[in-house]
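> Contents of entry-v5.txt (compact mmCIF, C-alpha atoms) are given next:
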# COMPACT_ATOMS: atom_id res chain seq x y z
CA MET W 1 -26.48 -42.05 -63.50
CA ALA W 2 -27.87 -43.96 -60.56
CA THR W 3 -27.71 -42.58 -57.04
CA GLY W 4 -24.24 -42.97 -55.60
CA THR W 5 -22.47 -43.40 -58.95
CA LYS W 6 -19.26 -41.56 -59.60
CA ARG W 7 -18.93 -38.44 -61.74
CA PRO W 8 -16.23 -38.24 -64.40
CA ASP W 9 -14.21 -35.98 -62.07
CA GLY W 10 -13.98 -38.85 -59.57
CA GLY W 11 -16.40 -37.45 -56.98
CA ALA W 12 -19.64 -39.07 -55.99
CA LYS W 13 -22.74 -37.86 -57.75
CA ALA W 14 -24.05 -34.58 -56.36
CA GLY W 15 -27.03 -35.07 -54.14
CA ALA W 16 -26.07 -38.58 -53.13
CA PRO W 17 -26.23 -39.07 -49.36
CA GLY W 18 -22.94 -38.03 -47.84
CA SER W 19 -21.19 -37.55 -51.18
CA ASP W 20 -20.21 -33.96 -50.42
CA GLY W 21 -19.66 -34.23 -46.70
CA SER W 22 -23.26 -33.22 -46.06
CA THR W 23 -25.49 -35.14 -43.74
CA PRO W 24 -28.78 -35.61 -45.59
CA GLY W 25 -29.61 -38.78 -43.64
CA VAL W 26 -29.41 -36.93 -40.33
CA PRO W 27 -32.58 -35.13 -39.22
CA VAL W 28 -32.07 -31.38 -39.55
CA ALA W 29 -32.94 -30.79 -35.89
CA GLU W 30 -30.01 -33.02 -34.87
CA LEU W 31 -27.42 -31.08 -36.87
CA SER W 32 -25.29 -28.42 -35.24
CA TYR W 33 -25.97 -24.90 -36.50
CA SER W 34 -22.60 -24.94 -38.26
CA ASP W 35 -23.20 -28.31 -39.95
CA ALA W 36 -26.70 -27.30 -41.05
CA SER W 37 -25.40 -24.02 -42.45
CA GLN W 38 -22.60 -25.83 -44.30
CA GLU W 39 -25.02 -28.35 -45.77
CA LEU W 40 -27.25 -25.51 -46.95
CA ASP W 41 -24.24 -23.85 -48.61
CA ASP W 42 -23.40 -27.17 -50.29
CA ILE W 43 -26.95 -27.58 -51.62
CA ILE W 44 -26.98 -24.01 -52.94
CA ALA W 45 -23.64 -24.60 -54.69
CA GLU W 46 -24.98 -27.81 -56.25
CA LEU W 47 -28.05 -25.99 -57.50
CA GLU W 48 -26.06 -23.04 -58.85
CA ASP W 49 -23.62 -25.37 -60.62
CA GLY W 50 -26.44 -27.46 -62.07
CA LEU W 51 -25.07 -30.59 -60.41
CA VAL W 52 -28.33 -31.86 -58.94
CA ASP W 53 -29.90 -34.70 -60.88
CA VAL W 54 -33.48 -33.89 -61.88
CA ASP W 55 -34.67 -36.94 -59.97
CA LEU W 56 -33.13 -35.53 -56.78
CA LEU W 57 -34.02 -31.87 -57.31
CA VAL W 58 -37.22 -31.86 -55.26
CA ALA W 59 -35.59 -33.77 -52.41
CA ARG W 60 -32.60 -31.37 -52.31
CA LEU W 61 -34.90 -28.34 -52.42
CA GLN W 62 -37.00 -29.81 -49.60
CA ARG W 63 -33.87 -30.48 -47.55
CA ALA W 64 -32.71 -26.90 -48.13
CA THR W 65 -36.13 -25.59 -47.06
CA ASP W 66 -36.05 -27.75 -43.93
CA ILE W 67 -32.59 -26.44 -43.05
CA VAL W 68 -33.62 -22.81 -43.57
CA ASP W 69 -36.68 -23.34 -41.36
CA GLU W 70 -34.58 -24.95 -38.62
CA LEU W 71 -31.88 -22.28 -38.71
CA ASP W 72 -34.55 -19.58 -38.59
CA ARG W 73 -36.21 -21.28 -35.61
CA ARG W 74 -32.90 -21.43 -33.76
CA LEU W 75 -32.06 -17.80 -34.53
CA ARG W 76 -35.48 -16.64 -33.30
CA GLY W 77 -35.05 -18.70 -30.14
CA THR W 78 -31.58 -17.31 -29.55
CA ARG W 79 -32.85 -13.76 -30.06
CA LEU W 80 -35.61 -14.29 -27.50
CA HIS W 81 -33.12 -15.75 -25.05
CA VAL W 82 -30.77 -12.78 -25.52
CA GLU W 83 -33.67 -10.37 -25.07
CA GLU W 84 -34.41 -12.08 -21.75
CA LEU W 85 -30.79 -12.01 -20.59
CA VAL W 86 -29.93 -8.40 -21.47
CA PRO W 87 -32.28 -6.87 -18.87
CA ARG W 88 -30.78 -9.18 -16.24
CA LEU W 89 -27.28 -8.06 -17.22
CA GLU W 90 -28.38 -4.44 -17.15
CA SER W 91 -29.82 -4.86 -13.66
CA ILE W 92 -26.64 -6.56 -12.46
CA GLY W 93 -24.63 -3.71 -13.95
CA GLN W 94 -26.91 -1.16 -12.30
CA VAL W 95 -26.50 -2.83 -8.91
CA ALA W 96 -22.73 -2.84 -9.37
CA ASP W 97 -22.81 0.82 -10.43
CA ASP W 98 -24.93 1.70 -7.40
CA GLU W 99 -22.56 -0.12 -5.05
CA LEU W 100 -19.51 1.48 -6.64
CA GLY W 101 -21.24 4.85 -6.68
CA GLU W 102 -21.70 4.74 -2.93
CA GLU W 103 -18.04 3.88 -2.39
CA GLY W 104 -16.29 5.41 -5.36
CA GLY W 105 -18.11 8.62 -6.22
CA ASP W 106 -17.73 9.60 -9.89
CA ASP W 107 -15.38 6.72 -10.76
CA ALA W 108 -18.34 4.65 -11.99
CA ASP W 109 -19.00 7.17 -14.79
CA GLU W 110 -15.40 6.99 -15.97
CA ARG W 111 -15.51 3.17 -15.96
CA ASP W 112 -18.60 3.15 -18.22
CA GLU W 113 -16.84 4.93 -21.08
CA GLY W 114 -16.63 2.59 -24.05
CA THR W 115 -19.40 0.32 -22.79
CA ALA W 116 -22.02 -0.38 -25.43
CA PRO W 117 -25.06 1.85 -24.88
CA GLY W 118 -27.95 0.11 -23.17
CA LEU W 119 -25.96 -2.82 -21.82
CA PHE W 120 -24.91 -1.51 -18.40
Give the structure from this file in structure tokens form.


Amino acid sequence: MATGTKRPDGGAKAGAPGSDGSTPGVPVAELSYSDASQELDDIIAELEDGLVDVDLLVARLQRATDIVDELDRRLRGTRLHVEELVPRLESIGQVADDELGEEGGDDADERDEGTAPGLF
């Protein structure tokens, strides 16, 4: 079958641009995290079901690798950002605790019950 031809089940050929709702023509860096993750799931399903034409196999595997790399990059960046923000939140919480402690005595300890350890 040529690229873009229909399968007997009526769907477009697996791996054809846009045939499965994926966005293979869009650069991976421009996809939302959700869209990239969905496209990766679609590629994995195609591979598991044996629906990828041999002529497209390398391209689909490369696309999957590019998506994994991009998602990993974003996750690492998000983790670093969170690691920068948590100390700021902790210091804000400490200032609030100190201010409440001066005015409210032991009430600040009661308020902290149920707060995740290490956050405030």

> I'd like the contact shell of Asp41 (chain W) - 10 Å cut-off, only C-alpha atoms, skipping same-chain residues fewer than 5 positions apart - returned as a list of chain:residue names.

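Everything that qualifies: W:Ser22, W:Asp35, W:Ala36, W:Glu46, W:Leu47, W:Ala64.
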
> Step by step, gather every atom of region 40-58 of chain W that the file lists, find the box along x, y and z that holds them, add 5 Å on each side, and finally give centre and edge lengths in Å to one decimal, as AutoDock Vina command-line options.


--center_x -30.3 --center_y -30.0 --center_z -54.5 --size_x 23.8 --size_y 23.9 --size_z 25.1

> Could you pull the residues within 12 Å of Gln62 (chain W), counting all atoms listed in the file, minus those fewer than 4 positions along the same chain, as a list in words?

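Within the cut-off, the hits are Pro24, Val28, Leu40, Ile43, Leu56, Leu57, Val58, Asp66, Ile67, Val68 and Asp69 of chain W.
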
> Please indicate the distance in Å from CA of Leu71 (chain W) to CA of Ser37 (chain W), rounded to one decimal place.

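Between these atoms lies a distance of 7.7 Å.
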
> So the first atom is CA of Asp49 (chain W) and the second is CA of Leu61 (chain W); what is the distance between them in Å, to one decimal place?

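Straight-line distance from CA of Asp49 (chain W) to CA of Leu61 (chain W) works out to 14.3 Å.
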
> Complete region 75-95 of chain W with N, CA and C atoms (output as a PDB file, in the frame of the given file).


ATOM      1  N   LEU W  75     -32.415 -19.220 -34.644  1.00  0.00           N
ATOM      2  CA  LEU W  75     -32.060 -17.800 -34.530  1.00  0.00           C
ATOM      3  C   LEU W  75     -33.125 -17.027 -33.749  1.00  0.00           C
ATOM      4  N   ARG W  76     -34.400 -17.318 -34.037  1.00  0.00           N
ATOM      5  CA  ARG W  76     -35.480 -16.640 -33.300  1.00  0.00           C
ATOM      6  C   ARG W  76     -35.418 -17.004 -31.823  1.00  0.00           C
ATOM      7  N   GLY W  77     -35.165 -18.268 -31.528  1.00  0.00           N
ATOM      8  CA  GLY W  77     -35.050 -18.700 -30.140  1.00  0.00           C
ATOM      9  C   GLY W  77     -33.877 -18.051 -29.432  1.00  0.00           C
ATOM     10  N   THR W  78     -32.766 -17.951 -30.116  1.00  0.00           N
ATOM     11  CA  THR W  78     -31.580 -17.310 -29.550  1.00  0.00           C
ATOM     12  C   THR W  78     -31.855 -15.829 -29.290  1.00  0.00           C
ATOM     13  N   ARG W  79     -32.524 -15.181 -30.227  1.00  0.00           N
ATOM     14  CA  ARG W  79     -32.850 -13.760 -30.060  1.00  0.00           C
ATOM     15  C   ARG W  79     -33.739 -13.560 -28.824  1.00  0.00           C
ATOM     16  N   LEU W  80     -34.740 -14.400 -28.671  1.00  0.00           N
ATOM     17  CA  LEU W  80     -35.610 -14.290 -27.500  1.00  0.00           C
ATOM     18  C   LEU W  80     -34.828 -14.496 -26.202  1.00  0.00           C
ATOM     19  N   HIS W  81     -33.933 -15.464 -26.232  1.00  0.00           N
ATOM     20  CA  HIS W  81     -33.120 -15.750 -25.050  1.00  0.00           C
ATOM     21  C   HIS W  81     -32.229 -14.544 -24.712  1.00  0.00           C
ATOM     22  N   VAL W  82     -31.615 -13.957 -25.725  1.00  0.00           N
ATOM     23  CA  VAL W  82     -30.770 -12.780 -25.520  1.00  0.00           C
ATOM     24  C   VAL W  82     -31.600 -11.625 -24.976  1.00  0.00           C
ATOM     25  N   GLU W  83     -32.797 -11.441 -25.536  1.00  0.00           N
ATOM     26  CA  GLU W  83     -33.670 -10.370 -25.070  1.00  0.00           C
ATOM     27  C   GLU W  83     -34.084 -10.562 -23.608  1.00  0.00           C
ATOM     28  N   GLU W  84     -34.127 -11.806 -23.152  1.00  0.00           N
ATOM     29  CA  GLU W  84     -34.410 -12.080 -21.750  1.00  0.00           C
ATOM     30  C   GLU W  84     -33.189 -11.826 -20.867  1.00  0.00           C
ATOM     31  N   LEU W  85     -32.008 -12.130 -21.388  1.00  0.00           N
ATOM     32  CA  LEU W  85     -30.790 -12.010 -20.590  1.00  0.00           C
ATOM     33  C   LEU W  85     -30.292 -10.569 -20.460  1.00  0.00           C
ATOM     34  N   VAL W  86     -30.455  -9.763 -21.496  1.00  0.00           N
ATOM     35  CA  VAL W  86     -29.930  -8.400 -21.470  1.00  0.00           C
ATOM     36  C   VAL W  86     -30.478  -7.591 -20.296  1.00  0.00           C
ATOM     37  N   PRO W  87     -31.793  -7.616 -20.039  1.00  0.00           N
ATOM     38  CA  PRO W  87     -32.280  -6.870 -18.870  1.00  0.00           C
ATOM     39  C   PRO W  87     -31.663  -7.356 -17.552  1.00  0.00           C
ATOM     40  N   ARG W  88     -31.422  -8.657 -17.443  1.00  0.00           N
ATOM     41  CA  ARG W  88     -30.780  -9.180 -16.240  1.00  0.00           C
ATOM     42  C   ARG W  88     -29.364  -8.639 -16.108  1.00  0.00           C
ATOM     43  N   LEU W  89     -28.635  -8.609 -17.236  1.00  0.00           N
ATOM     44  CA  LEU W  89     -27.280  -8.060 -17.220  1.00  0.00           C
ATOM     45  C   LEU W  89     -27.298  -6.576 -16.891  1.00  0.00           C
ATOM     46  N   GLU W  90     -28.265  -5.875 -17.445  1.00  0.00           N
ATOM     47  CA  GLU W  90     -28.380  -4.440 -17.150  1.00  0.00           C
ATOM     48  C   GLU W  90     -28.651  -4.213 -15.675  1.00  0.00           C
ATOM     49  N   SER W  91     -29.532  -5.039 -15.084  1.00  0.00           N
ATOM     50  CA  SER W  91     -29.820  -4.860 -13.660  1.00  0.00           C
ATOM     51  C   SER W  91     -28.611  -5.210 -12.801  1.00  0.00           C
ATOM     52  N   ILE W  92     -27.862  -6.214 -13.184  1.00  0.00           N
ATOM     53  CA  ILE W  92     -26.640  -6.560 -12.460  1.00  0.00           C
ATOM     54  C   ILE W  92     -25.648  -5.403 -12.561  1.00  0.00           C
ATOM     55  N   GLY W  93     -25.522  -4.851 -13.748  1.00  0.00           N
ATOM     56  CA  GLY W  93     -24.630  -3.710 -13.950  1.00  0.00           C
ATOM     57  C   GLY W  93     -25.080  -2.508 -13.155  1.00  0.00           C
ATOM     58  N   GLN W  94     -26.384  -2.296 -13.064  1.00  0.00           N
ATOM     59  CA  GLN W  94     -26.910  -1.160 -12.300  1.00  0.00           C
ATOM     60  C   GLN W  94     -26.622  -1.332 -10.816  1.00  0.00           C
ATOM     61  N   VAL W  95     -26.801  -2.558 -10.315  1.00  0.00           N
ATOM     62  CA  VAL W  95     -26.500  -2.830  -8.910  1.00  0.00           C
ATOM     63  C   VAL W  95     -25.022  -2.567  -8.641  1.00  0.00           C
TER      64      VAL W  95
END
